[in-house]
file entry17.cif (mmCIF, C-alpha atoms)
data_protein
loop_
_atom_site.label_atom_id
_atom_site.label_comp_id
_atom_site.auth_asym_id
_atom_site.auth_seq_id
_atom_site.Cartn_x
_atom_site.Cartn_y
_atom_site.Cartn_z
CA MET A 166 25.73 2.95 15.34
CA PRO A 167 23.38 5.73 14.10
CA ILE A 168 20.62 4.59 11.75
CA THR A 169 21.07 5.57 8.10
CA ASP A 170 18.44 7.63 6.31
CA GLN A 171 17.57 4.63 4.14
CA GLU A 172 16.99 2.32 7.09
CA LEU A 173 15.10 5.06 8.92
CA ALA A 174 12.75 5.45 5.95
CA LEU A 175 12.25 1.67 5.86
CA THR A 176 11.58 1.50 9.59
CA ALA A 177 9.13 4.41 9.47
CA ALA A 178 7.22 3.02 6.49
CA ARG A 179 6.98 -0.39 8.09
CA ALA A 180 5.63 1.18 11.28
CA GLY A 181 2.90 2.86 9.25
CA ALA A 182 2.19 -0.33 7.30
CA ALA A 183 1.74 -2.27 10.53
CA VAL A 184 -0.97 0.17 11.61
CA VAL A 185 -2.69 -0.04 8.22
CA ARG A 186 -2.77 -3.84 8.40
CA ARG A 187 -3.99 -3.90 12.00
CA MET A 188 -6.87 -1.51 11.40
CA TYR A 189 -7.99 -2.98 8.07
CA GLY A 190 -11.64 -4.04 8.02
CA ALA A 191 -12.57 -2.18 11.20
CA SER A 192 -15.31 0.41 11.37
CA LEU A 193 -13.23 3.59 11.12
CA THR A 194 -14.02 7.17 11.97
CA ARG A 195 -13.79 9.44 8.92
CA VAL A 196 -12.50 13.00 8.89
CA GLN A 197 -13.87 15.02 5.97
CA LYS A 198 -11.18 17.03 4.21
CA SER A 199 -13.02 18.31 1.14
CA ALA A 200 -15.83 17.23 -1.17
CA GLY A 201 -15.21 13.57 -1.98
CA ASP A 202 -12.00 13.42 0.06
CA PHE A 203 -11.58 12.15 3.59
CA ALA A 204 -9.09 10.59 5.97
CA THR A 205 -9.78 7.66 8.25
CA ALA A 206 -8.57 6.94 11.74
CA ALA A 207 -6.09 4.55 10.10
CA ASP A 208 -4.54 7.38 8.05
CA ILE A 209 -4.09 9.48 11.17
CA GLU A 210 -2.73 6.70 13.38
CA ALA A 211 -0.37 5.41 10.68
CA GLU A 212 1.01 8.91 10.14
CA ARG A 213 1.52 9.31 13.87
CA ALA A 214 3.49 6.04 13.97
CA ILE A 215 5.67 7.14 11.04
CA LEU A 216 6.35 10.58 12.50
CA ASP A 217 7.24 9.11 15.90
CA VAL A 218 9.97 7.03 14.25
CA ILE A 219 11.35 9.94 12.21
CA ARG A 220 11.28 12.50 15.01
CA ALA A 221 12.98 10.16 17.47
CA ALA A 222 15.93 9.70 15.11
CA ARG A 223 15.99 13.06 13.28
CA PRO A 224 14.47 15.70 15.59
CA ASP A 225 15.92 18.60 13.59
CA ASP A 226 14.44 17.56 10.24
CA ALA A 227 11.26 19.12 8.87
CA VAL A 228 8.30 16.92 7.99
CA THR A 229 5.32 17.30 5.67
CA GLY A 230 2.58 14.80 6.42
CA GLU A 231 -0.55 14.23 4.37
CA GLU A 232 -2.73 14.57 7.46
CA SER A 233 -0.74 16.82 9.80
CA GLY A 234 0.82 19.23 7.32
CA ARG A 235 4.27 20.75 7.67
CA THR A 236 6.19 20.88 10.93
CA GLY A 237 9.75 21.91 11.69
CA SER A 238 11.95 24.75 10.51
CA GLY A 239 10.76 26.62 7.46
CA ASP A 240 14.28 26.75 6.04
CA ALA A 241 15.27 23.17 6.89
CA GLU A 242 17.50 21.58 4.27
CA ARG A 243 16.02 18.14 4.99
CA MET A 244 12.31 17.48 4.55
CA TRP A 245 10.50 14.17 5.08
CA LEU A 246 7.43 13.68 2.87
CA VAL A 247 4.89 11.28 4.38
CA ASP A 248 1.74 9.78 2.90
CA PRO A 249 0.60 7.24 5.50
CA LEU A 250 -2.15 5.64 3.42
CA CYS A 251 -2.23 6.29 -0.31
CA GLY A 252 -5.50 4.79 -1.47
CA THR A 253 -7.78 5.78 1.39
CA LEU A 254 -10.96 5.22 -0.61
CA ASN A 255 -9.75 1.75 -1.58
CA TYR A 256 -8.96 1.01 2.05
CA ALA A 257 -12.29 2.29 3.35
CA ALA A 258 -14.05 0.06 0.80
CA ARG A 259 -11.98 -2.92 2.02
CA THR A 260 -9.87 -3.11 -1.10
CA MET A 261 -6.25 -4.11 -0.43
CA LEU A 262 -4.64 -1.69 -2.88
CA VAL A 263 -2.82 0.95 -0.86
CA ALA A 264 0.69 2.23 -0.23
CA VAL A 265 2.57 3.78 2.66
CA ASN A 266 4.98 6.37 1.26
CA VAL A 267 7.96 7.94 3.00
CA ALA A 268 10.62 10.04 1.24
CA LEU A 269 13.45 12.31 2.34
CA ARG A 270 14.30 15.41 0.30
CA ALA A 271 17.77 16.72 1.12
CA GLY A 272 18.29 19.95 -0.78
CA SER A 273 16.76 19.37 -4.19
CA ASP A 274 17.23 15.58 -4.27
CA ILE A 275 15.27 12.65 -2.88
CA THR A 276 17.98 10.69 -1.10
CA ALA A 277 15.87 7.98 0.51
CA ALA A 278 12.39 6.77 -0.35
CA VAL A 279 10.09 3.88 0.48
CA SER A 280 6.74 2.74 -0.86
CA ALA A 281 5.40 -0.11 1.27
CA ASP A 282 2.58 -2.51 0.39
CA PRO A 283 1.07 -3.40 3.77
CA PHE A 284 -0.80 -6.45 2.52
CA ALA A 285 1.77 -8.07 0.21
CA ASP A 286 4.42 -7.38 2.89
CA GLU A 287 6.68 -5.86 0.24
CA VAL A 288 8.72 -2.72 0.71
CA PHE A 289 10.06 -0.92 -2.36
CA TRP A 290 12.98 1.33 -1.46
CA THR A 291 15.82 3.41 -2.83
CA ASP A 292 18.89 5.18 -1.52
CA GLY A 293 18.66 7.58 -4.46
CA ASP A 294 21.04 5.54 -6.61
CA HIS A 295 19.68 1.99 -6.62
CA ALA A 296 16.17 0.56 -6.16
CA TYR A 297 15.09 -2.65 -4.48
CA VAL A 298 12.13 -4.57 -3.14
CA ARG A 299 12.55 -6.08 0.32
CA ARG A 300 10.69 -9.27 1.24
CA ASP A 301 11.44 -11.22 4.40
CA ASP A 302 14.46 -8.96 4.95
CA VAL A 303 15.95 -9.96 1.58
CA ASP A 304 16.53 -7.26 -1.05
CA GLU A 305 16.00 -7.84 -4.77
CA LYS A 306 17.01 -5.23 -7.34
CA LEU A 307 14.12 -3.63 -9.22
CA THR A 308 14.17 -4.16 -12.99
CA PRO A 309 11.67 -2.24 -15.16
CA SER A 310 10.03 -4.04 -18.08
CA PRO A 311 7.42 -3.04 -20.68
CA ASP A 312 6.38 -6.65 -21.28
CA SER A 313 3.09 -6.54 -19.35
CA ARG A 314 1.79 -3.67 -21.56
CA LEU A 315 -0.24 -2.57 -18.52
CA VAL A 316 -0.45 1.21 -18.04
CA ASP A 317 -1.97 2.74 -14.95
CA VAL A 318 -3.84 5.97 -15.64
CA ASN A 319 -4.70 8.09 -12.62
CA LEU A 320 -8.24 9.43 -13.00
CA ASP A 321 -8.45 11.13 -9.60
CA PRO A 322 -8.58 14.95 -9.44
CA PRO A 323 -7.20 17.56 -9.41
CA PHE A 324 -6.76 18.15 -13.15
CA PRO A 325 -4.74 21.39 -13.40
CA ASN A 326 -4.12 20.95 -17.13
CA ALA A 327 -7.74 20.39 -18.13
CA PRO A 328 -9.22 20.80 -20.64
CA GLY A 329 -5.94 20.71 -22.58
CA PHE A 330 -4.92 17.41 -21.01
CA ARG A 331 -7.19 14.80 -19.49
CA ALA A 332 -5.70 11.41 -18.73
CA VAL A 333 -9.06 9.75 -19.35
CA ARG A 334 -8.77 10.59 -23.07
CA LEU A 335 -5.98 8.05 -23.39
CA LEU A 336 -8.48 5.30 -22.75
CA ALA A 337 -10.50 6.24 -25.85
CA ASP A 338 -7.52 6.43 -28.20
CA GLU A 339 -7.30 3.52 -30.64
CA ARG A 340 -3.50 3.57 -30.64
CA PHE A 341 -3.45 3.27 -26.88
CA ALA A 342 -5.84 0.32 -27.00
CA GLU A 343 -3.82 -1.39 -29.71
CA ARG A 344 -0.59 -1.25 -27.75
CA PHE A 345 -1.48 -1.05 -24.05
CA ARG A 346 -4.00 -2.27 -21.52
CA PRO A 347 -5.27 0.37 -19.07
CA ARG A 348 -5.46 -0.09 -15.33
CA VAL A 349 -6.84 2.23 -12.66
CA VAL A 350 -5.86 1.17 -9.15
CA SER A 351 -6.03 4.63 -7.55
CA THR A 352 -2.93 4.37 -5.41
CA THR A 353 0.66 5.39 -6.09
CA LEU A 354 1.71 1.83 -5.34
CA ALA A 355 1.29 1.51 -9.12
CA VAL A 356 4.21 3.92 -9.64
CA ALA A 357 6.47 1.55 -7.71
CA TRP A 358 5.15 -1.28 -9.88
CA VAL A 359 6.66 0.41 -12.95
CA ALA A 360 10.07 0.29 -11.29
CA ALA A 361 9.43 -3.37 -10.42
CA GLY A 362 8.48 -4.40 -13.97
CA ARG A 363 4.83 -5.07 -13.10
CA ARG A 364 3.55 -2.11 -15.11
CA ALA A 365 4.81 -0.73 -18.41
CA ALA A 366 3.97 2.85 -17.46
CA TYR A 367 2.01 5.26 -15.29
CA VAL A 368 0.33 8.55 -16.29
CA THR A 369 -1.16 11.30 -14.15
CA ASP A 370 -1.92 15.00 -14.21
CA GLY A 371 -0.99 17.28 -11.34
CA HIS A 372 1.72 19.51 -9.90
CA LEU A 373 3.90 17.00 -8.08
CA ARG A 374 6.84 18.90 -6.59
CA ASP A 375 7.26 17.84 -2.95
CA SER A 376 4.18 15.65 -3.31
CA VAL A 377 3.74 13.30 -0.37
CA HIS A 378 1.88 10.99 -2.76
CA PHE A 379 4.40 10.78 -5.60
CA ALA A 380 7.87 11.62 -4.25
CA ALA A 381 8.70 8.06 -3.21
CA GLY A 382 7.44 6.43 -6.41
CA ILE A 383 9.22 8.91 -8.67
CA ALA A 384 12.49 8.37 -6.78
CA LEU A 385 12.11 4.59 -7.09
CA CYS A 386 11.52 4.82 -10.83
CA ARG A 387 14.45 7.14 -11.42
CA ALA A 388 16.83 4.92 -9.44
CA ALA A 389 15.57 1.82 -11.27
CA GLY A 390 16.30 3.39 -14.67
CA CYS A 391 12.77 4.23 -15.84
CA VAL A 392 12.06 7.19 -18.14
CA VAL A 393 10.47 9.90 -15.98
CA THR A 394 9.09 13.18 -17.39
CA GLY A 395 6.15 15.54 -17.25
CA ILE A 396 3.12 14.98 -19.49
CA HIS A 397 4.77 16.65 -22.49
CA GLY A 398 8.19 15.06 -22.10
CA GLN A 399 9.68 17.95 -20.14
CA PRO A 400 11.80 17.45 -16.99
CA PRO A 401 9.66 16.58 -13.97
CA TYR A 402 8.25 19.48 -11.94
CA THR A 403 8.55 21.92 -14.85
CA GLY A 404 6.14 23.33 -17.41
CA ALA A 405 2.69 21.78 -17.38
CA GLY A 406 3.68 19.27 -14.73
CA GLY A 407 2.01 15.89 -14.57
CA LEU A 408 3.88 12.62 -14.86
CA VAL A 409 4.67 10.03 -17.48
CA VAL A 410 6.89 7.28 -16.11
CA ALA A 411 7.70 4.38 -18.42
CA ALA A 412 9.78 1.22 -18.26
CA ASP A 413 11.68 2.13 -21.43
CA ARG A 414 12.06 4.88 -24.01
CA GLU A 415 9.91 3.16 -26.63
CA THR A 416 6.94 2.93 -24.28
CA HIS A 417 7.49 6.51 -23.16
CA ALA A 418 7.62 7.80 -26.74
CA ALA A 419 4.41 5.95 -27.66
CA LEU A 420 2.56 7.50 -24.73
CA LEU A 421 3.81 10.99 -25.52
CA ASP A 422 2.59 10.59 -29.11
CA VAL A 423 -0.92 9.77 -27.89
CA ILE A 424 -0.91 12.55 -25.29
CA GLY A 425 0.29 15.10 -27.86
CA ASP A 426 -2.39 14.18 -30.36
CA ARG A 427 -5.05 14.25 -27.66
CA SER A 428 -4.23 17.81 -26.60
CA PRO A 429 -5.75 20.82 -28.45
CA SER A 430 -2.37 21.78 -29.93
CA GLY A 431 -2.00 18.28 -31.38
CA ARG A 432 -5.31 18.17 -33.19
#
call {"tool": "encode", "arguments": {"input": "entry17.cif", "output": "structure tokens"}}
result
Amino acid sequence: MPITDQELALTAARAGAAVVRRMYGASLTRVQKSAGDFATAADIEAERAILDVIRAARPDDAVTGEESGRTGSGDAERMWLVDPLCGTLNYAARTMLVAVNVALRAGSDITAAVSADPFADEVFWTDGDHAYVRRDDVDEKLTPSPDSRLVDVNLDPPFPNAPGFRAVRLLADERFAERFRPRVVSTTLAVAWVAAGRRAAYVTDGHLRDSVHFAAGIALCRAAGCVVTGIHGQPPYTGAGGLVVAADRETHAALLDVIGDRSPSGR
């Protein structure tokens, strides 16, 4: 029987996660990409493992990989988005906070997505309608919750909406501190944690359409029932861009209030 897109995404992400685990702690060659940004041999080998799985099963699909760029037909209706190691700086510093992200965009929709934690051996996945975490081959439905009050704020560049919006300003706002507790883990694994009820929300700047970093996490959160918008409450991928994903509408509204008052137009 042919493998489904969902199982293919799971198999590919697990192949990448196995490489990330195996190479952890080794002395790794670094490939400089830009100032302050680099890939390691683990990024490259994990992406190769993921792409081998996808291409063997779906040779006609296009692929965009974090390290290898876009391959396949320019007008392909199906595009795989692959981030083999989200949290490279964490990984290089021997910090076990990383994700392996694989998502399939068919037309305008993400129809399968996986965000794997190589070290917790957890795989968060969605078929576009429902969201689960798989442990020991057992699936548990993801249930968002604001109860932790933990909000991850991405402080990594680029900041396309600066100086009007800077996520770091949230940390200095008294209302934010009264209601939430900030976290900065610097990996999009934290987006999946919102879907799983381990974070109340996640905030980042950036233009995220077809992002290999964020496509899987956003799809997970949408399927789990989170509130997902841009930084000013607009539909994702429109207007200023950015991302505010929250476990519930109350949390989302509170964050938008702080963001609005921290932008020049809200002063």
call {"tool": "atom_distance", "arguments": {"input": "entry17.cif", "atom1": "atom CA of A:Trp245", "atom2": "atom CA of A:Thr394"}}
result
22.5 Å
call {"tool": "resolve_selection", "arguments": {"input": "entry17.cif", "expression": "the PyMOL selection byres ((chain A and resi 283) around 10)", "output": "JSON, numbers by chain"}}
result
{"A": [178, 179, 180, 181, 182, 183, 184, 185, 186, 187, 250, 261, 262, 263, 264, 265, 280, 281, 282, 284, 285, 286, 287, 288]}
call {"tool": "atom_distance", "arguments": {"input": "entry17.cif", "atom1": "atom CA of A:Asp317", "atom2": "atom CA of A:Asp301"}}
result
27.4 Å
call {"tool": "resolve_selection", "arguments": {"input": "entry17.cif", "expression": "the PyMOL selection byres ((chain A and resi 256) around 12)", "output": "ChimeraX atom specification"}}
result
/A:185-186,188-193,195,203-208,249-255,257-265,283-284,350-352
call {"tool": "write_last_selection", "arguments": {"input": "entry17.cif", "atoms": "C-alpha atoms", "output": "mmCIF file, in the coordinates of the input"}}
result
data_model
loop_
_atom_site.group_PDB
_atom_site.id
_atom_site.type_symbol
_atom_site.label_atom_id
_atom_site.label_comp_id
_atom_site.auth_asym_id
_atom_site.auth_seq_id
_atom_site.Cartn_x
_atom_site.Cartn_y
_atom_site.Cartn_z
ATOM 1 C CA VAL A 185 -2.690 -0.040 8.220
ATOM 2 C CA ARG A 186 -2.770 -3.840 8.400
ATOM 3 C CA MET A 188 -6.870 -1.510 11.400
ATOM 4 C CA TYR A 189 -7.990 -2.980 8.070
ATOM 5 C CA GLY A 190 -11.640 -4.040 8.020
ATOM 6 C CA ALA A 191 -12.570 -2.180 11.200
ATOM 7 C CA SER A 192 -15.310 0.410 11.370
ATOM 8 C CA LEU A 193 -13.230 3.590 11.120
ATOM 9 C CA ARG A 195 -13.790 9.440 8.920
ATOM 10 C CA PHE A 203 -11.580 12.150 3.590
ATOM 11 C CA ALA A 204 -9.090 10.590 5.970
ATOM 12 C CA THR A 205 -9.780 7.660 8.250
ATOM 13 C CA ALA A 206 -8.570 6.940 11.740
ATOM 14 C CA ALA A 207 -6.090 4.550 10.100
ATOM 15 C CA ASP A 208 -4.540 7.380 8.050
ATOM 16 C CA PRO A 249 0.600 7.240 5.500
ATOM 17 C CA LEU A 250 -2.150 5.640 3.420
ATOM 18 C CA CYS A 251 -2.230 6.290 -0.310
ATOM 19 C CA GLY A 252 -5.500 4.790 -1.470
ATOM 20 C CA THR A 253 -7.780 5.780 1.390
ATOM 21 C CA LEU A 254 -10.960 5.220 -0.610
ATOM 22 C CA ASN A 255 -9.750 1.750 -1.580
ATOM 23 C CA ALA A 257 -12.290 2.290 3.350
ATOM 24 C CA ALA A 258 -14.050 0.060 0.800
ATOM 25 C CA ARG A 259 -11.980 -2.920 2.020
ATOM 26 C CA THR A 260 -9.870 -3.110 -1.100
ATOM 27 C CA MET A 261 -6.250 -4.110 -0.430
ATOM 28 C CA LEU A 262 -4.640 -1.690 -2.880
ATOM 29 C CA VAL A 263 -2.820 0.950 -0.860
ATOM 30 C CA ALA A 264 0.690 2.230 -0.230
ATOM 31 C CA VAL A 265 2.570 3.780 2.660
ATOM 32 C CA PRO A 283 1.070 -3.400 3.770
ATOM 33 C CA PHE A 284 -0.800 -6.450 2.520
ATOM 34 C CA VAL A 350 -5.860 1.170 -9.150
ATOM 35 C CA SER A 351 -6.030 4.630 -7.550
ATOM 36 C CA THR A 352 -2.930 4.370 -5.410
#
call {"tool": "residues_around", "arguments": {"input": "entry17.cif", "residues": "A:Ala355", "least_positions_apart": "2", "cutoff": "12 Å", "atoms": "only C-alpha atoms", "output": "MDAnalysis selection string"}}
result
chainID A and resid 251:252 262:264 280:282 289 315:319 347:353 357:369 378:379 381:383 385:386 410:411
call {"tool": "atom_distance", "arguments": {"input": "entry17.cif", "atom1": "atom CA of A:His295", "atom2": "atom CA of A:Ala389"}}
result
6.2 Å
call {"tool": "resolve_selection", "arguments": {"input": "entry17.cif", "expression": "the PyMOL selection byres ((chain A and resi 405) around 9)", "output": "MDAnalysis selection string"}}
result
chainID A and resid 325:326 370:372 395:397 399 402:404 406:407
call {"tool": "write_last_selection", "arguments": {"input": "entry17.cif", "atoms": "C-alpha atoms", "output": "compact mmCIF listing (two decimals), keeping the file's coordinate frame"}}
result
# COMPACT_ATOMS: atom_id res chain seq x y z
CA PRO A 325 -4.74 21.39 -13.40
CA ASN A 326 -4.12 20.95 -17.13
CA ASP A 370 -1.92 15.00 -14.21
CA GLY A 371 -0.99 17.28 -11.34
CA HIS A 372 1.72 19.51 -9.90
CA GLY A 395 6.15 15.54 -17.25
CA ILE A 396 3.12 14.98 -19.49
CA HIS A 397 4.77 16.65 -22.49
CA GLN A 399 9.68 17.95 -20.14
CA TYR A 402 8.25 19.48 -11.94
CA THR A 403 8.55 21.92 -14.85
CA GLY A 404 6.14 23.33 -17.41
CA GLY A 406 3.68 19.27 -14.73
CA GLY A 407 2.01 15.89 -14.57
call {"tool": "residues_around", "arguments": {"input": "entry17.cif", "residues": "A:Asp248", "least_positions_apart": "5", "cutoff": "6 Å", "atoms": "only C-alpha atoms", "output": "list in words"}}
result
Glu231, Asn266, Val377 and His378 of chain A
call {"tool": "residues_around", "arguments": {"input": "entry17.cif", "residues": "A:Asp240", "least_positions_apart": "6", "cutoff": "12 Å", "atoms": "all atoms listed in the file", "output": "number ranges by chain"}}
result
A: 225-228, 271-272
call {"tool": "closest_residue", "arguments": {"input": "entry17.cif", "among": "A:Leu408, A:Ala332, A:Val303, A:Ala277", "to": "A:Thr169", "atoms": "all atoms listed in the file"}}
result
A:Ala277
call {"tool": "closest_residue", "arguments": {"input": "entry17.cif", "among": "A:Val333, A:Ala327, A:Ala384, A:Leu173", "to": "A:Thr291", "atoms": "only C-alpha atoms"}}
result
A:Ala384
call {"tool": "closest_residue", "arguments": {"input": "entry17.cif", "among": "A:Arg387, A:Arg314, A:Arg331, A:Arg300", "to": "A:Arg344", "atoms": "all atoms listed in the file"}}
result
A:Arg314
call {"tool": "closest_residue", "arguments": {"input": "entry17.cif", "among": "A:Leu246, A:Gly239, A:Trp290, A:Ser273", "to": "A:Leu175", "atoms": "all atoms listed in the file"}}
result
A:Trp290
call {"tool": "closest_residue", "arguments": {"input": "entry17.cif", "among": "A:Ser376, A:Asp312, A:Val356, A:Val196", "to": "A:Thr416", "atoms": "all atoms listed in the file"}}
result
A:Asp312
call {"tool": "residues_around", "arguments": {"input": "entry17.cif", "residues": "A:Val267", "least_positions_apart": "2", "cutoff": "6 Å", "atoms": "only C-alpha atoms", "output": "list in words"}}
result
Leu246, Val247, Ala278 and Val279 of chain A
call {"tool": "closest_residue", "arguments": {"input": "entry17.cif", "among": "A:Pro322, A:Cys391, A:Asp274, A:Pro224", "to": "A:Ser238", "atoms": "all atoms listed in the file"}}
result
A:Pro224
call {"tool": "axis_aligned_box", "arguments": {"input": "entry17.cif", "around": "stretch 274-278 of chain A", "padding_each_side": "3 Å", "output": "JSON"}}
result
{"center_x": 15.2, "center_y": 11.2, "center_z": -1.9, "size_x": 11.6, "size_y": 14.8, "size_z": 10.8}
